[in-house]
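See structure below.
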Amino acid sequence: MSAPFRIGIDLGGTKIEGAAIDACGSVRVRHRVATPAQDYRGTIDAIIALISTIEQQIGATATVGIGIPGAVSPATGLIKNANSTWLIGRPLQRDVERAFGRPTRLANDANCFALSEATDGAGAAVETVFGVILGTGVGGGIAIRRQILAGANAIAGEWGHNPMPWPTPDEIPGPPCWCGRSGCLETFLSGPALAADHHRHYRQTLNAPEIVEAAAAGDLECRATLERYMNRLARGLASVINVVDPDAIVLGGGLSSISALYEHVPRLWARHIFSDRVATPLLPPVHGASSGVRGAAWLWPPEEAP
Ligand SMILES: [Zn+2]
């Protein structure tokens, strides 16, 4: 029996978003609730309640996929690498399925983003998509022929905790990272990292959107901060191209709305890429903020359900 709808749940650090998409990929119902922070049991209850609300509204049961801020350890089934730290070490999928009574599929949220854009988004026409989240955190995922590449350790595409490549002297050792290392790409490329970099240079407290806006209005210091950011993003992505050589790179997360990235970063990455010509397109997301729920829903792929 196949379900006519797919539900995707995007479990974030501050909110849990849920949506039902129909067989054509149109979002039919959408809800969000605040994440019960630091509360594992409460997080599971909130997920189940969200699924139940959505199923009542569509008047049907649906397949359920969940995007999580972390990975499921293939060895133990326990959550690891989650910046929502109350999930770490917990058997989230088992506990959700026990409470819910039906099978679910779980995947890393950046993998869900890549899957969403590869299934029916910016990368739908190509084979290999590298999806990048530039938001509160930095993540990445690889989709090949519309399937997530998970990897032996469930960390394929996890790019944010590699060191900044081709570092300048002032980037070493780099800011401390929550993962215990220093100078991870995330400590330079997240939204808070952009704001912190600006403050380090100019002692001026602005958040990422304010810096982007001021740069567009001609503020020289904000422009310089944005240029450092683009240069770092270009180096980070050049190292991915040198290994994976994806057919397309799609940006997601809050900072993907910076339109200057798509023009300047591909110019800046060329000198670091081991190829005479670089054809890799850097693309904005088609589904924007919906990619989290959409990718989670597509964990049940088109060829499997309705
Ligand atoms: Zn790190």
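Residues are named by chain letter and number: chains run A, B, ... in the order of the structure tokens, numbers start at 1 in each chain, and ligands are numbered from 1 in the order shown.
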Please identify every residue of chain A that has at least one atom no farther than 10 Å from an atom of ligand 1, counting only C-alpha atoms and all ligand atoms, and for each give the shortest atom pair and the distance in Å to one decimal, arranged by chain then increasing number, as CSV.
```
residue,atom,partner,partner_atom_place_in_ligand_line,distance
A:Asn81,CA,ligand 1,1 (Zn),9.8
A:Gly137,CA,ligand 1,1 (Zn),9.8
A:Val138,CA,ligand 1,1 (Zn),9.4
A:Trp159,CA,ligand 1,1 (Zn),9.5
A:Gly160,CA,ligand 1,1 (Zn),6.7
A:His161,CA,ligand 1,1 (Zn),4.1
A:Asn162,CA,ligand 1,1 (Zn),7.1
A:Pro163,CA,ligand 1,1 (Zn),8.2
A:Pro175,CA,ligand 1,1 (Zn),9.5
A:Pro176,CA,ligand 1,1 (Zn),7.7
A:Cys177,CA,ligand 1,1 (Zn),4.6
A:Trp178,CA,ligand 1,1 (Zn),5.9
A:Cys179,CA,ligand 1,1 (Zn),4.3
A:Gly180,CA,ligand 1,1 (Zn),6.4
A:Arg181,CA,ligand 1,1 (Zn),5.3
A:Ser182,CA,ligand 1,1 (Zn),6.6
A:Gly183,CA,ligand 1,1 (Zn),7.3
A:Cys184,CA,ligand 1,1 (Zn),4.7
A:Leu185,CA,ligand 1,1 (Zn),7.3
A:Glu186,CA,ligand 1,1 (Zn),6.4
A:Thr187,CA,ligand 1,1 (Zn),7.1
```
Contact residues around Trp269 (chain A) with only C-alpha atoms at 8 Å, ignoring same-chain residues under 6 positions, as a ChimeraX atom specification: /A:231,234-235,237-238
Just to confirm, what's the straight-line distance from CA of Lys15 (chain A) to CA of Arg32 (chain A) in Å (one decimal)? 6.7 Å
Within 6 Å of Val129 (chain A) using only C-alpha atoms, minus same-chain residues under 4 positions, as a PyMOL selection string: chain A and resi 142-143+246+248-249
Keeping all heavy atoms for every residue in the selection just given, could you write it to a file as a CSV table (one decimal), in the first residue's frame?
```csv
chain,number,residue,atom,x,y,z
A,142,ILE,N,25.9,15.3,0.1
A,142,ILE,CA,26.1,14.9,-1.3
A,142,ILE,C,24.9,14.1,-1.7
A,142,ILE,O,24.6,13.1,-1.0
A,142,ILE,CB,27.4,14.1,-1.4
A,142,ILE,CG1,28.6,15.0,-1.0
A,142,ILE,CG2,27.6,13.7,-2.9
A,142,ILE,CD1,29.9,14.2,-0.8
A,143,ALA,N,24.3,14.4,-2.8
A,143,ALA,CA,23.3,13.6,-3.4
A,143,ALA,C,23.7,13.1,-4.8
A,143,ALA,O,24.2,14.0,-5.6
A,143,ALA,CB,21.9,14.3,-3.6
A,246,PRO,N,31.6,17.9,-8.0
A,246,PRO,CA,30.1,17.7,-8.2
A,246,PRO,C,29.7,18.5,-9.5
A,246,PRO,O,30.4,19.4,-9.9
A,246,PRO,CB,29.5,18.4,-7.0
A,246,PRO,CG,30.5,19.4,-6.5
A,246,PRO,CD,31.9,18.8,-6.8
A,248,ALA,N,27.0,20.3,-9.7
A,248,ALA,CA,26.5,21.5,-9.2
A,248,ALA,C,26.7,21.7,-7.7
A,248,ALA,O,26.6,20.7,-7.0
A,248,ALA,CB,25.0,21.7,-9.6
A,249,ILE,N,26.9,22.9,-7.3
A,249,ILE,CA,26.9,23.2,-5.8
A,249,ILE,C,25.7,24.1,-5.6
A,249,ILE,O,25.6,25.2,-6.3
A,249,ILE,CB,28.2,23.9,-5.4
A,249,ILE,CG1,29.4,22.9,-5.7
A,249,ILE,CG2,28.2,24.3,-3.9
A,249,ILE,CD1,30.8,23.5,-5.3
```
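Each of A:Thr168, A:Ser116, A:Gln204, A:Ser84 was checked against Asp39 (chain A) using only C-alpha atoms; the smallest atom-to-atom distance is that of A:Ser84.
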Run DSSP on the backbone and grab whatever in region 52-199 of chain A lands in alpha helix (DSSP H); send it over as a ChimeraX atom specification. /A:52-58,92-100,109-120,186-189,191-199
Can you tell me, as a PyMOL selection string, what residues are no more than 7 Å from Ala19 (chain A) when counting only C-alpha atoms, ignoring any on the same chain fewer than 4 positions away? chain A and resi 7-9+27+29-31+293
Selection from above, C-alpha atoms, as a compact mmCIF listing (two decimals), in the first residue's frame, can you write it?
```
# COMPACT_ATOMS: atom_id res chain seq x y z
CA ILE A 7 5.46 14.21 5.56
CA GLY A 8 8.83 15.84 6.11
CA ILE A 9 9.94 17.00 9.55
CA VAL A 27 3.43 21.55 -0.12
CA VAL A 29 0.05 21.59 4.82
CA ARG A 30 2.75 23.23 6.89
CA HIS A 31 3.22 23.72 10.63
CA VAL A 293 11.07 19.60 5.14
```
Pull the strand (DSSP E or B) assignments for region 32-95 of chain A out of DSSP run on the backbone, and list those residues as a ChimeraX atom specification. /A:32-34,63-68,71-72,79-80
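With only C-alpha atoms as the atoms that count, the residue of A:Val212, A:Ala270, A:Leu283, A:Ala82 with the shortest distance to Ala118 (chain A) is A:Leu283.
Counting only C-alpha atoms and comparing A:Pro69, A:Gly18, A:Gly89, A:Gly252, the residue that lies closest to Ala46 (chain A) is A:Gly18.
Counting only C-alpha atoms and comparing A:Val278, A:Leu251, A:Ala215, A:Ile44, the residue that lies closest to Phe130 (chain A) is A:Leu251.
Atom pair CA of Thr14 (chain A) / CA of Cys112 (chain A): separated by 17.9 Å.
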Test item: residues at most 12 Å from Asp197 (chain A), only C-alpha atoms, excluding those fewer than 4 positions along its chain, as a ChimeraX atom specification: /A:170-171,174-175,187-193,201-208,211,221-222,224-229,232
I want to know what sits within 8 Å of Thr63 (chain A), based on only C-alpha atoms, with residues of the same chain fewer than 2 positions away left out; could you give that as a list in words? Ala3, Phe5, Arg6, Ile7, Thr61, Gly65, Thr104, Ala297 and Trp300 of chain A
Identify, on the basis of only C-alpha atoms, every residue whose closest approach to Gly70 (chain A) does not exceed 12 Å; exclude the query and any residue fewer than 6 positions from it along the same chain; express the result as a VMD selection string. chain A and resid 10 to 13 78 to 90 92 106 to 112 137 to 141 154 to 155 158
Create the file for the chosen residues now, containing C-alpha atoms and written as a PDB file, in the first residue's frame.
```pdb
ATOM      1  CA  ASP A  10      12.848  19.420   9.921  1.00  0.00           C
ATOM      2  CA  LEU A  11      14.108  19.209  13.483  1.00  0.00           C
ATOM      3  CA  GLY A  12      16.036  22.387  14.236  1.00  0.00           C
ATOM      4  CA  GLY A  13      17.640  23.792  17.340  1.00  0.00           C
ATOM      5  CA  LEU A  78      22.699   6.689  18.297  1.00  0.00           C
ATOM      6  CA  ILE A  79      22.751  10.375  17.322  1.00  0.00           C
ATOM      7  CA  LYS A  80      26.159  12.013  17.005  1.00  0.00           C
ATOM      8  CA  ASN A  81      27.552  15.336  15.769  1.00  0.00           C
ATOM      9  CA  ALA A  82      24.432  17.294  16.800  1.00  0.00           C
ATOM     10  CA  ASN A  83      24.740  20.918  17.835  1.00  0.00           C
ATOM     11  CA  SER A  84      21.382  20.336  19.558  1.00  0.00           C
ATOM     12  CA  THR A  85      23.442  18.515  22.147  1.00  0.00           C
ATOM     13  CA  TRP A  86      20.518  16.953  24.066  1.00  0.00           C
ATOM     14  CA  LEU A  87      20.068  14.558  21.118  1.00  0.00           C
ATOM     15  CA  ILE A  88      23.638  13.231  21.266  1.00  0.00           C
ATOM     16  CA  GLY A  89      23.928   9.596  22.311  1.00  0.00           C
ATOM     17  CA  ARG A  90      20.172   9.026  22.045  1.00  0.00           C
ATOM     18  CA  LEU A  92      16.169   8.980  18.307  1.00  0.00           C
ATOM     19  CA  LEU A 106      16.064   9.874   9.530  1.00  0.00           C
ATOM     20  CA  ALA A 107      18.860  11.768   7.830  1.00  0.00           C
ATOM     21  CA  ASN A 108      21.178  14.645   8.508  1.00  0.00           C
ATOM     22  CA  ASP A 109      19.565  18.003   7.729  1.00  0.00           C
ATOM     23  CA  ALA A 110      22.245  19.077   5.258  1.00  0.00           C
ATOM     24  CA  ASN A 111      21.803  15.744   3.463  1.00  0.00           C
ATOM     25  CA  CYS A 112      18.056  16.463   3.319  1.00  0.00           C
ATOM     26  CA  GLY A 137      25.947  26.341  11.524  1.00  0.00           C
ATOM     27  CA  VAL A 138      27.687  25.093   8.393  1.00  0.00           C
ATOM     28  CA  GLY A 139      26.963  21.684   6.905  1.00  0.00           C
ATOM     29  CA  GLY A 140      27.083  19.859   3.634  1.00  0.00           C
ATOM     30  CA  GLY A 141      25.585  16.859   1.920  1.00  0.00           C
ATOM     31  CA  ALA A 154      27.464   8.733   8.080  1.00  0.00           C
ATOM     32  CA  ILE A 155      29.494  11.912   7.568  1.00  0.00           C
ATOM     33  CA  GLU A 158      30.324  16.974   6.281  1.00  0.00           C
TER      34      GLU A 158
END
```
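With distances restricted to only C-alpha atoms, A:Arg146 is the closest residue to Pro302 (chain A) from A:Arg146, A:Arg28, A:Arg267, A:Arg223.
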